[in-house]
Structures are given as structure tokens and as C-alpha cells.
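Visitor: Please find one structure pasted underneath; my questions will follow.
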Amino acid sequence: MIKFEQTTEDLIAFNSYYLKTHSTFFQKYWRWLVATVFSIYVFKTSGQIVDSLLNWGNWVIVGFVGLITFLLTRLADSTKRKALIAFIKNNPQNIGNRQIDYDEEKVTVITDSSSTDYKYSAFIKVEENDKYFFLFTGKQTALILAKKITDKDALTKLIEKLRTNSK
């Protein structure tokens, strides 16, 4: 049996991890690609390449576009975080006390308001970063287990069992 508390920070950490590791190249870097193409256009259309590189006005324009791109990226990240926090406020059952029991057939997740059984085959994959294990039950859904859980032996056994029994 593993007991822990699911916190807002845990959900934010999963969201950040998922967006960093499961986004396509274009989804991650589209703003920078647009800024690069714009910069090439500015230097190319303002005369010969060597002269345009020495023109400080071109660098001001490119720097301004880079700054705007950076600020838009930060704004997008902030908006995603605020949306997640609003989701958690509207769905408080996603945080709180959790208990995980497992045996040879299934994993049972018990919250204050529900109990859910998962066969081992329901877990698609197990991923981890330096602070968490993410036990995926769908493409975008996962059980989030912090590595700081006090019962390390039970956590290690569960992860090994899932890795050997999942698809």
C-alpha cells in the first residue's frame, strides 16, 4: 500500500513534463521558426548580406522580433499554467489524499471520493523524470507518483511490476 497526497504542484509538473516530452518539434518551436524566417527576410531584402549585417537598424528590428517572440512564449506558458490552476479549482477531486493498493491482478487507486481498479494491461507506459513517475493509462492521462513517497520499497515494487506487466 502506498499513501500520498496529490498536490497542485504535482499536476503542474505532469503538465509541464507532458508538454515538453510529447509535443511535436513544430509545436515546441513554431514561434522561433517564424522569428528566424522573418530575420532572414529582413537581412536578405535590405541589400547585400554583408552590408545588411553591419546595419544596426536591421539588428534592432530582429532584436525586437526576438523579444516579442520570447514574451509571447512566456505569455503562452503563463496562460497554460493559469488554465490548469482554474481546472484544479473547478475539479478539486484531482488533488488530495491518495492510496494505491496492488496485487497480482490489479492496481487500485483510492481517493476521498472514489476507488478505481486498473488491470496491469491498462497501463500503456511508465515514464519518469527526476522527481516523478508517470504511469500512463491513456495518451494524455497518467497516475502521478512523486519519488519522495515515504514507502520507497512499495513504490519500487509497483513500478517494476508495471514495467513488466504493461503493454
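As shown in the C-alpha cells, the chain order sets the letters A, B, ...; within each chain, residues go from 1, and ligands are also counted from 1 in the order they appear.
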Show which residues sit within 12 Å of Ile12 in chain A, as a compact mmCIF listing (two decimals) with C-alpha atoms, in the first residue's frame. Count only C-alpha atoms, and ignore same-chain residues fewer than 5 positions away.

Guide:
```
# COMPACT_ATOMS: atom_id res chain seq x y z
CA GLN A 6 -1.66 14.63 -4.80
CA THR A 7 -0.95 18.37 -4.93
CA TYR A 17 6.59 17.25 -18.44
CA TYR A 18 3.94 16.18 -20.93
CA LEU A 19 4.16 19.37 -22.96
CA ASP A 77 3.27 29.27 -20.73
CA SER A 78 1.62 31.51 -18.15
CA LYS A 80 -1.44 27.28 -19.77
CA ARG A 81 -0.50 27.35 -16.08
CA LYS A 82 -3.46 29.60 -15.19
CA ALA A 83 -5.83 27.35 -17.14
CA LEU A 84 -4.54 24.30 -15.25
CA ILE A 85 -4.95 26.04 -11.89
CA ALA A 86 -8.50 27.06 -12.86
CA PHE A 87 -9.21 23.44 -13.85
CA ILE A 88 -7.98 22.24 -10.46
CA ASN A 94 -7.99 15.84 -8.72
CA ILE A 95 -5.93 16.74 -5.66
CA TYR A 132 8.14 11.80 -10.56
CA ILE A 144 1.43 10.82 -10.91
```

Visitor: In terms of the shortest atom-to-atom distance over only C-alpha atoms, which of A:Tyr120, A:Phe25, A:Leu54, A:Arg98 is closest to Lys161 in chain A?

Guide: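 Selected residue with least distance to Lys161 in chain A: A:Tyr120.
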
Visitor: Env of Phe136 in chain A: 12 Å cut, atoms = only C-alpha atoms, seq-sep filter 2 positions within chain, self excluded. Answer as a PyMOL selection string.

Guide: chain A and resi 14+18+118+120-128+133-134+138-145+159+162-163+166-167

Visitor: Where in range 2-166 of chain A does DSSP assign alpha helix (DSSP H), given as a ChimeraX atom specification?

Guide: /A:8-22,25-45,49-54,56-90,152-165

Visitor: Do you know which residues are at most 10 Å from Ile110 in chain A counting only C-alpha atoms, after dropping those on the same chain fewer than 6 positions away, and could you put them as a CSV table (one decimal) with N, CA, C and O atoms, in the first residue's frame?

Guide:
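Final output, saved to part05.csv:
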```csv
chain,number,residue,atom,x,y,z
A,3,LYS,N,0.6,5.4,0.3
A,3,LYS,CA,-0.2,6.6,0.7
A,3,LYS,C,0.6,7.8,0.4
A,3,LYS,O,1.8,7.9,0.6
A,97,ASN,N,-5.7,13.4,-0.8
A,97,ASN,CA,-5.1,12.1,-0.4
A,97,ASN,C,-5.4,11.0,-1.4
A,97,ASN,O,-6.4,10.9,-1.9
A,98,ARG,N,-4.3,10.2,-1.6
A,98,ARG,CA,-4.4,9.0,-2.4
A,98,ARG,C,-3.8,7.8,-1.7
A,98,ARG,O,-2.9,7.9,-0.9
A,99,GLN,N,-4.4,6.7,-2.1
A,99,GLN,CA,-3.8,5.4,-1.6
A,99,GLN,C,-3.8,4.4,-2.8
A,99,GLN,O,-4.8,4.3,-3.5
A,100,ILE,N,-2.7,3.8,-3.0
A,100,ILE,CA,-2.6,2.8,-4.1
A,100,ILE,C,-2.3,1.4,-3.4
A,100,ILE,O,-1.4,1.2,-2.7
A,101,ASP,N,-3.2,0.5,-3.8
A,101,ASP,CA,-3.1,-0.9,-3.4
A,101,ASP,C,-2.9,-1.7,-4.6
A,101,ASP,O,-3.5,-1.4,-5.7
A,116,THR,N,-10.8,3.2,-7.9
A,116,THR,CA,-10.7,2.8,-9.3
A,116,THR,C,-9.7,1.6,-9.4
A,116,THR,O,-8.6,1.7,-8.9
A,117,ASP,N,-10.2,0.6,-10.1
A,117,ASP,CA,-9.3,-0.6,-10.3
A,117,ASP,C,-8.7,-0.5,-11.7
A,117,ASP,O,-9.5,-0.2,-12.7
```

Visitor: Apply DSSP to the structure's backbone, then extract all residues of chain A labelled strand (DSSP E or B) and return them as JSON, numbers by chain.

Guide: {"A": [2, 3, 4, 5, 6, 96, 97, 98, 99, 100, 101, 102, 106, 107, 108, 109, 110, 115, 116, 117, 118, 119, 125, 126, 127, 128, 132, 133, 134, 135, 136, 142, 143, 144, 145, 146]}

Visitor: I'd like the interatomic distance between CA of Gln93 in chain A and CA of Leu75 in chain A, to a tenth of an Å.

Guide: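 Distance between the two atoms: 27.9 Å.
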
Visitor: Report the distance between CA of Thr36 in chain A and CA of Ala76 in chain A in Å, rounded to one decimal place.

Guide: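 Taking CA of Thr36 in chain A as the start and CA of Ala76 in chain A as the end point, the length is 19.1 Å.
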